[in-house]
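K.L.:
Take this structure, written in structure tokens, and hold onto it; I'll ask about it next.
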Amino acid sequence: MTAGEALRDAVLCLGQAGVESPQADAEWLIADLLSCSRSEIPLRAETALAPKDRDRLAGWVERRVRREPLQHILGTANFLGYDFQVSAEVLIPRPETEILVEMALQFLEPLPHPSVCDLGTGSGCMAVALAKRCPGATVIASDLSEAALRLAKRNAESLGALGQLEFRHAYGLAALPNGEQVDLILSNPPYIPTAEIDTLQPEVRDHDPRLALDGGADGLRFYRMLADGGRYRLRRGGRLMAEFGDGQEPSVTGLFRQAGWPGLEVANDLTGRPRIVVASAGQ
């Protein structure tokens, strides 16, 4: 069997299983198998696959048929141009979260030595990307999951950002105890209402950690904490930026207004939907 034949078979199999993007997923698997880019696959179409490679690919396709995320099969996910190790212990980095980091970088750029706290760091994608793009920053990466922190630390080490990061095992704002303040609090918190988790796509429902998804009965548990206590963990002029779910803008902004934050904005995602709350601590 050639690589081209294997690709056609994989696309067919994934499509019949209802995978959303069978062509792209099959190409990613073949590219990883051949250690080449997706664009090089046509040039390798006539490459004969050894039996061990055919078996390896068949195992990957079967895992994807069972709706295991492609990133878990490959072991990595790209975020802002950096390859992060991922596993079932962390949320897979999403493209929409890249906007949150880009906004954070714009805010941090004028500051000579800014301090950041990433709450619920997971794979460390936001914390590490910030450190790489903002060399003068120090970043606290916190998570309630010790397994997530271990993975985030490995990512920081492999991407050369370990010296800028401090890892803390804590839930939410408990990562900043005893009056400690930073310039920016950043978070992609759990925001799915508990009852809705079982209605999500299998890739999310069955493979993302519940801890990273479950936002409580109304999905707003984490935002209440951020709105009530985040302002006191920020330096003068500091900001809090957090991603939220579809349809949650009125509730999230209402919580921050009720808590008396001096400044409040909302940014949209790539599809034009409200996605990020930006709360300012004031001067």
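By order of appearance in the structure tokens: chains A, B, ..., then residues from 1 within every chain, and ligands from 1 in the order shown.
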Please list as a PDB file with N, CA and C atoms, in the first residue's frame every residue within 7 Å of region 13-29 of chain A, counting only C-alpha atoms and excluding residues in the same chain fewer than 5 positions away.
P.N.:
```pdb
ATOM      1  N   LEU A   7      -4.016   7.281   2.382  1.00  0.00           N
ATOM      2  CA  LEU A   7      -4.736   8.538   2.629  1.00  0.00           C
ATOM      3  C   LEU A   7      -6.179   8.426   2.171  1.00  0.00           C
ATOM      4  N   ARG A  38       1.976  18.632   5.536  1.00  0.00           N
ATOM      5  CA  ARG A  38       0.802  18.236   4.748  1.00  0.00           C
ATOM      6  C   ARG A  38       0.993  18.593   3.279  1.00  0.00           C
ATOM      7  N   VAL A  65     -11.712   7.371  14.724  1.00  0.00           N
ATOM      8  CA  VAL A  65     -13.086   6.889  14.492  1.00  0.00           C
ATOM      9  C   VAL A  65     -13.862   6.867  15.803  1.00  0.00           C
ATOM     10  N   LEU A  70      -7.808  14.502  17.481  1.00  0.00           N
ATOM     11  CA  LEU A  70      -6.609  14.364  16.662  1.00  0.00           C
ATOM     12  C   LEU A  70      -5.362  14.776  17.436  1.00  0.00           C
TER      13      LEU A  70
END
```
K.L.:
For region 224-234 of chain A, find every residue with an atom within 7 Å (counting only C-alpha atoms), except residues of its own chain fewer than 3 positions away, and show them as a list in words.
P.N.:
Leu176, Gly179, Glu180, Gln181, Val182, Asp183, Leu184, Leu220, Arg221, Gly238, Arg239, Leu255, Phe256, Ala259 and Ala281 of chain A
K.L.:
Generate a file of the selected residues that holds N, CA and C atoms, formatted as a PDB file, in the first residue's frame.
P.N.:
```pdb
ATOM      1  N   LEU A 176      -2.960  33.835  44.123  1.00  0.00           N
ATOM      2  CA  LEU A 176      -2.378  35.128  44.496  1.00  0.00           C
ATOM      3  C   LEU A 176      -2.773  35.443  45.944  1.00  0.00           C
ATOM      4  N   GLY A 179      -2.425  39.353  49.527  1.00  0.00           N
ATOM      5  CA  GLY A 179      -2.342  40.669  48.919  1.00  0.00           C
ATOM      6  C   GLY A 179      -1.418  40.779  47.723  1.00  0.00           C
ATOM      7  N   GLU A 180      -0.905  39.671  47.222  1.00  0.00           N
ATOM      8  CA  GLU A 180      -0.019  39.714  46.052  1.00  0.00           C
ATOM      9  C   GLU A 180      -0.769  40.265  44.841  1.00  0.00           C
ATOM     10  N   GLN A 181      -0.126  41.168  44.096  1.00  0.00           N
ATOM     11  CA  GLN A 181      -0.764  41.807  42.950  1.00  0.00           C
ATOM     12  C   GLN A 181       0.078  41.654  41.685  1.00  0.00           C
ATOM     13  N   VAL A 182      -0.607  41.630  40.551  1.00  0.00           N
ATOM     14  CA  VAL A 182       0.051  41.520  39.250  1.00  0.00           C
ATOM     15  C   VAL A 182      -0.533  42.579  38.314  1.00  0.00           C
ATOM     16  N   ASP A 183       0.081  42.723  37.148  1.00  0.00           N
ATOM     17  CA  ASP A 183      -0.421  43.681  36.163  1.00  0.00           C
ATOM     18  C   ASP A 183      -1.582  43.118  35.354  1.00  0.00           C
ATOM     19  N   LEU A 184      -1.584  41.800  35.185  1.00  0.00           N
ATOM     20  CA  LEU A 184      -2.604  41.184  34.337  1.00  0.00           C
ATOM     21  C   LEU A 184      -3.004  39.818  34.894  1.00  0.00           C
ATOM     22  N   LEU A 220     -21.222  30.049  35.419  1.00  0.00           N
ATOM     23  CA  LEU A 220     -20.661  31.344  35.812  1.00  0.00           C
ATOM     24  C   LEU A 220     -19.878  31.306  37.115  1.00  0.00           C
ATOM     25  N   ARG A 221     -19.651  30.131  37.659  1.00  0.00           N
ATOM     26  CA  ARG A 221     -19.011  30.016  38.972  1.00  0.00           C
ATOM     27  C   ARG A 221     -17.661  30.731  39.017  1.00  0.00           C
ATOM     28  N   GLY A 238      -3.986  47.856  36.249  1.00  0.00           N
ATOM     29  CA  GLY A 238      -4.001  46.456  35.824  1.00  0.00           C
ATOM     30  C   GLY A 238      -5.299  46.049  35.154  1.00  0.00           C
ATOM     31  N   ARG A 239      -5.254  44.897  34.514  1.00  0.00           N
ATOM     32  CA  ARG A 239      -6.440  44.401  33.808  1.00  0.00           C
ATOM     33  C   ARG A 239      -6.639  42.908  34.058  1.00  0.00           C
ATOM     34  N   LEU A 255     -21.957  40.669  36.149  1.00  0.00           N
ATOM     35  CA  LEU A 255     -21.234  40.351  37.379  1.00  0.00           C
ATOM     36  C   LEU A 255     -20.132  41.373  37.651  1.00  0.00           C
ATOM     37  N   PHE A 256     -19.410  41.765  36.614  1.00  0.00           N
ATOM     38  CA  PHE A 256     -18.313  42.723  36.802  1.00  0.00           C
ATOM     39  C   PHE A 256     -18.848  44.128  37.096  1.00  0.00           C
ATOM     40  N   ALA A 259     -19.900  44.264  40.647  1.00  0.00           N
ATOM     41  CA  ALA A 259     -18.752  44.288  41.555  1.00  0.00           C
ATOM     42  C   ALA A 259     -18.028  45.638  41.532  1.00  0.00           C
ATOM     43  N   ALA A 281      -8.784  47.696  36.435  1.00  0.00           N
ATOM     44  CA  ALA A 281      -8.783  47.998  37.858  1.00  0.00           C
ATOM     45  C   ALA A 281      -8.818  49.492  38.139  1.00  0.00           C
TER      46      ALA A 281
END
```
K.L.:
As a short mmCIF file (atom, residue, chain, number, x, y, z; two decimals) with C-alpha atoms, in the first residue's frame, list the residues of region 24-223 of chain A assigned to helix (DSSP H, G or I) by DSSP on the backbone atoms of this structure.
P.N.:
```
data_model
loop_
_atom_site.label_atom_id
_atom_site.label_comp_id
_atom_site.auth_asym_id
_atom_site.auth_seq_id
_atom_site.Cartn_x
_atom_site.Cartn_y
_atom_site.Cartn_z
CA ALA A 24 -7.65 17.32 6.97
CA ASP A 25 -7.45 14.81 9.81
CA ALA A 26 -6.26 12.04 7.51
CA GLU A 27 -3.62 14.36 6.06
CA TRP A 28 -2.33 15.25 9.52
CA LEU A 29 -2.00 11.55 10.37
CA ILE A 30 -0.24 10.71 7.13
CA ALA A 31 2.08 13.70 7.50
CA ASP A 32 3.05 12.60 11.00
CA LEU A 33 3.60 9.04 9.80
CA LEU A 34 5.88 10.24 6.99
CA ARG A 38 0.80 18.24 4.75
CA SER A 39 1.85 20.14 1.63
CA GLU A 40 4.50 17.48 0.90
CA ILE A 41 2.04 14.57 0.93
CA PRO A 42 1.33 14.67 -2.85
CA LEU A 43 5.07 14.36 -3.45
CA ARG A 44 5.15 11.25 -1.26
CA PRO A 51 3.75 -3.16 7.41
CA LYS A 52 4.59 -1.56 10.76
CA ASP A 53 3.64 1.87 9.39
CA ARG A 54 0.36 0.53 7.98
CA ASP A 55 -0.46 -0.94 11.39
CA ARG A 56 0.48 2.28 13.14
CA LEU A 57 -1.75 4.33 10.84
CA ALA A 58 -4.62 1.88 11.21
CA GLY A 59 -4.42 2.26 14.99
CA TRP A 60 -4.50 6.05 14.71
CA VAL A 61 -7.48 5.99 12.34
CA GLU A 62 -9.36 3.65 14.67
CA ARG A 63 -8.74 6.00 17.60
CA ARG A 64 -10.04 8.93 15.54
CA VAL A 65 -13.09 6.89 14.49
CA LEU A 70 -6.61 14.36 16.66
CA GLN A 71 -4.33 16.34 18.98
CA HIS A 72 -4.33 13.52 21.53
CA ILE A 73 -3.35 11.03 18.84
CA LEU A 74 -0.53 13.24 17.56
CA PRO A 95 -7.64 29.00 18.00
CA GLU A 96 -10.11 31.46 19.57
CA THR A 97 -7.97 31.59 22.70
CA GLU A 98 -5.11 32.96 20.60
CA ILE A 99 -7.06 36.25 20.45
CA LEU A 100 -6.98 36.43 24.24
CA VAL A 101 -3.18 36.14 24.23
CA GLU A 102 -2.80 38.68 21.42
CA MET A 103 -4.89 41.17 23.42
CA ALA A 104 -2.80 40.49 26.50
CA LEU A 105 0.39 41.14 24.55
CA GLN A 106 -0.91 44.49 23.33
CA PHE A 107 -1.59 45.51 26.91
CA LEU A 108 1.77 44.27 28.21
CA CYS A 125 -0.20 27.45 26.19
CA MET A 126 -1.16 31.00 27.23
CA ALA A 127 1.51 31.39 29.89
CA VAL A 128 4.32 30.06 27.70
CA ALA A 129 3.22 31.98 24.59
CA LEU A 130 3.13 35.19 26.63
CA ALA A 131 6.59 34.53 28.02
CA LYS A 132 7.99 33.81 24.56
CA ARG A 133 6.45 36.91 23.00
CA GLU A 146 -1.15 18.70 39.46
CA ALA A 147 -1.01 16.62 36.27
CA ALA A 148 -1.74 19.74 34.21
CA LEU A 149 1.01 21.65 36.00
CA ARG A 150 3.51 18.90 35.26
CA LEU A 151 2.61 19.02 31.58
CA ALA A 152 2.73 22.84 31.52
CA LYS A 153 6.19 22.73 33.06
CA ARG A 154 7.38 20.27 30.39
CA ASN A 155 6.03 22.59 27.69
CA ALA A 156 7.76 25.60 29.24
CA GLU A 157 11.02 23.67 29.38
CA SER A 158 10.84 22.36 25.83
CA LEU A 162 10.98 27.93 32.04
CA GLY A 163 12.99 30.78 33.55
CA GLN A 164 10.10 33.22 33.20
CA GLY A 172 -8.54 30.39 40.99
CA LEU A 173 -7.48 33.53 42.82
CA ALA A 174 -5.97 31.48 45.64
CA ALA A 175 -2.91 31.51 43.37
CA THR A 194 -22.89 21.26 34.19
CA ALA A 195 -26.05 19.90 32.55
CA GLU A 196 -24.83 20.82 29.06
CA ILE A 197 -21.54 18.91 29.15
CA ASP A 198 -23.15 15.63 28.08
CA THR A 199 -24.55 17.34 24.96
CA PRO A 202 -17.67 13.42 21.75
CA GLU A 203 -14.18 14.85 21.29
CA VAL A 204 -14.91 17.35 24.06
CA ARG A 205 -17.40 15.47 26.23
CA ARG A 210 -14.34 17.86 33.31
CA LEU A 211 -12.39 20.18 35.57
CA ALA A 212 -11.61 22.38 32.57
CA LEU A 213 -15.20 22.38 31.30
CA ARG A 221 -19.01 30.02 38.97
CA PHE A 222 -15.49 31.11 38.02
CA TYR A 223 -16.61 34.55 36.81
#
```
K.L.:
Taking only region 20-201 of chain A into account, list the residues labelled strand (DSSP E) by DSSP (computed from the backbone), as number ranges by chain.
P.N.:
A: 76-79, 82-85, 115-119, 138-143, 165-169, 182-187
K.L.:
What would the file look like if the residues just selected were written as a tab-separated table (two decimals), in the first residue's frame with N, CA and C atoms?
P.N.:
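And here's result-v9.tsv as it stands now:
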```tsv
chain	number	residue	atom	x	y	z
A	76	THR	N	0.40	16.54	20.21
A	76	THR	CA	0.72	17.97	20.23
A	76	THR	C	-0.43	18.78	19.65
A	77	ALA	N	-0.44	20.07	20.02
A	77	ALA	CA	-1.37	21.02	19.43
A	77	ALA	C	-0.62	22.32	19.20
A	78	ASN	N	-0.84	22.95	18.07
A	78	ASN	CA	-0.16	24.20	17.77
A	78	ASN	C	-0.96	25.38	18.31
A	79	PHE	N	-0.25	26.30	18.96
A	79	PHE	CA	-0.89	27.48	19.52
A	79	PHE	C	0.03	28.66	19.29
A	82	TYR	N	3.54	27.74	18.24
A	82	TYR	CA	4.33	26.87	19.12
A	82	TYR	C	3.62	25.53	19.27
A	83	ASP	N	4.38	24.45	19.24
A	83	ASP	CA	3.82	23.11	19.43
A	83	ASP	C	3.84	22.74	20.91
A	84	PHE	N	2.65	22.52	21.46
A	84	PHE	CA	2.50	22.16	22.87
A	84	PHE	C	2.12	20.70	23.01
A	85	GLN	N	2.76	20.02	23.96
A	85	GLN	CA	2.33	18.67	24.30
A	85	GLN	C	0.95	18.75	24.95
A	115	SER	N	4.03	41.68	35.19
A	115	SER	CA	3.76	40.41	35.87
A	115	SER	C	2.36	39.95	35.48
A	116	VAL	N	2.24	38.65	35.25
A	116	VAL	CA	0.99	38.06	34.76
A	116	VAL	C	0.66	36.84	35.59
A	117	CYS	N	-0.63	36.61	35.81
A	117	CYS	CA	-1.07	35.36	36.44
A	117	CYS	C	-2.08	34.69	35.52
A	118	ASP	N	-1.76	33.50	35.08
A	118	ASP	CA	-2.63	32.69	34.21
A	118	ASP	C	-3.35	31.68	35.09
A	119	LEU	N	-4.64	31.89	35.27
A	119	LEU	CA	-5.44	31.03	36.15
A	119	LEU	C	-6.02	29.87	35.36
A	138	THR	N	7.20	38.25	33.74
A	138	THR	CA	7.21	37.08	34.62
A	138	THR	C	5.78	36.58	34.72
A	139	VAL	N	5.61	35.27	34.64
A	139	VAL	CA	4.27	34.69	34.55
A	139	VAL	C	4.07	33.64	35.61
A	140	ILE	N	3.00	33.77	36.37
A	140	ILE	CA	2.57	32.73	37.31
A	140	ILE	C	1.56	31.85	36.57
A	141	ALA	N	1.84	30.58	36.50
A	141	ALA	CA	0.93	29.63	35.86
A	141	ALA	C	0.35	28.73	36.94
A	142	SER	N	-0.96	28.85	37.16
A	142	SER	CA	-1.58	28.09	38.25
A	142	SER	C	-2.65	27.15	37.73
A	143	ASP	N	-2.86	26.08	38.46
A	143	ASP	CA	-3.91	25.13	38.10
A	143	ASP	C	-4.22	24.27	39.32
A	165	LEU	N	8.67	31.51	34.18
A	165	LEU	CA	7.43	31.01	34.74
A	165	LEU	C	7.60	30.50	36.16
A	166	GLU	N	6.56	30.69	36.95
A	166	GLU	CA	6.45	30.09	38.28
A	166	GLU	C	5.14	29.30	38.30
A	167	PHE	N	5.20	28.08	38.76
A	167	PHE	CA	4.03	27.21	38.75
A	167	PHE	C	3.45	27.09	40.15
A	168	ARG	N	2.13	27.27	40.25
A	168	ARG	CA	1.47	27.21	41.55
A	168	ARG	C	0.26	26.29	41.50
A	169	HIS	N	0.18	25.42	42.48
A	169	HIS	CA	-0.95	24.51	42.59
A	169	HIS	C	-2.03	25.19	43.43
A	182	VAL	N	-0.61	41.63	40.55
A	182	VAL	CA	0.05	41.52	39.25
A	182	VAL	C	-0.53	42.58	38.31
A	183	ASP	N	0.08	42.72	37.15
A	183	ASP	CA	-0.42	43.68	36.16
A	183	ASP	C	-1.58	43.12	35.35
A	184	LEU	N	-1.58	41.80	35.18
A	184	LEU	CA	-2.60	41.18	34.34
A	184	LEU	C	-3.00	39.82	34.89
A	185	ILE	N	-4.30	39.61	35.02
A	185	ILE	CA	-4.85	38.29	35.31
A	185	ILE	C	-5.49	37.79	34.03
A	186	LEU	N	-5.10	36.60	33.63
A	186	LEU	CA	-5.55	36.02	32.37
A	186	LEU	C	-6.17	34.66	32.65
A	187	SER	N	-7.29	34.35	31.98
A	187	SER	CA	-7.90	33.05	32.23
A	187	SER	C	-8.82	32.62	31.09
```
K.L.:
Env of Thr253 (chain A): 12 Å cut, atoms = only C-alpha atoms, seq-sep filter 3 positions within chain, self excluded. Answer as a compact mmCIF listing (two decimals) with C-alpha atoms, in the first residue's frame.
P.N.:
```txt
# COMPACT_ATOMS: atom_id res chain seq x y z
CA LEU A 220 -20.66 31.34 35.81
CA TYR A 223 -16.61 34.55 36.81
CA ARG A 224 -18.25 35.32 40.15
CA LEU A 226 -13.04 36.79 39.27
CA ALA A 227 -15.50 39.67 39.50
CA MET A 241 -9.01 39.28 30.68
CA ALA A 242 -11.10 36.12 30.53
CA GLU A 243 -12.75 34.08 27.81
CA PHE A 244 -16.45 33.18 28.14
CA GLY A 247 -24.52 33.73 25.04
CA GLN A 248 -22.82 34.51 28.35
CA GLU A 249 -21.91 38.15 27.64
CA PRO A 250 -24.85 39.76 29.51
CA PHE A 256 -18.31 42.72 36.80
CA ARG A 257 -20.55 45.80 36.76
CA GLN A 258 -22.21 44.71 39.97
CA ALA A 259 -18.75 44.29 41.56
CA GLY A 260 -17.91 47.90 40.67
CA TRP A 261 -15.03 47.51 38.21
CA GLY A 263 -13.64 49.83 33.24
CA LEU A 264 -15.30 47.07 31.26
CA GLU A 265 -15.04 46.03 27.60
CA VAL A 266 -15.94 42.98 25.52
CA ALA A 267 -13.96 41.68 22.54
CA PRO A 274 -18.61 38.21 22.00
CA ARG A 275 -15.89 36.08 23.62
CA ILE A 276 -13.56 37.99 25.98
CA VAL A 277 -14.30 40.22 28.94
CA VAL A 278 -11.68 42.89 29.71
CA ALA A 279 -12.03 44.47 33.16
```
K.L.:
Go ahead and compute the interatomic distance for CA of Pro177 (chain A) and CA of Pro189 (chain A), in Å to one decimal.
P.N.:
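That distance, rounded to one decimal, is 19.1 Å.
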K.L.:
I'd like to know which of A:Pro110, A:Gly245, A:Gly282, A:Gly237 is closest to Asp214 (chain A), using only C-alpha atoms.
P.N.:
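Of A:Pro110, A:Gly245, A:Gly282, A:Gly237, the one nearest Asp214 (chain A) is A:Gly245, counting only C-alpha atoms.
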K.L.:
Quick one: distance from CA of Pro114 (chain A) to CA of Ala137 (chain A) in Å, one decimal?
P.N.:
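Between CA of Pro114 (chain A) and CA of Ala137 (chain A) the gap is 4.8 Å.
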K.L.:
Tell me, in Å to one decimal, how far CA of Gly75 (chain A) is from CA of Gly219 (chain A).
P.N.:
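Between these atoms lies a distance of 28.9 Å.
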K.L.:
Identify which of the residues A:Leu144, A:Met1, A:Ala10, A:Val86 lies closest to Glu46 (chain A), counting only C-alpha atoms when measuring atom-to-atom distances.
P.N.:
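Closest to Glu46 (chain A), using only C-alpha atoms: A:Met1.
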K.L.:
Of the candidates A:Pro190, A:Pro209, A:Gly4, A:Pro262, which shows the shortest atom-to-atom distance to Gly120 (chain A), using only C-alpha atoms?
P.N.:
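Once distances to Gly120 (chain A) are computed over only C-alpha atoms, the minimum belongs to A:Pro190.
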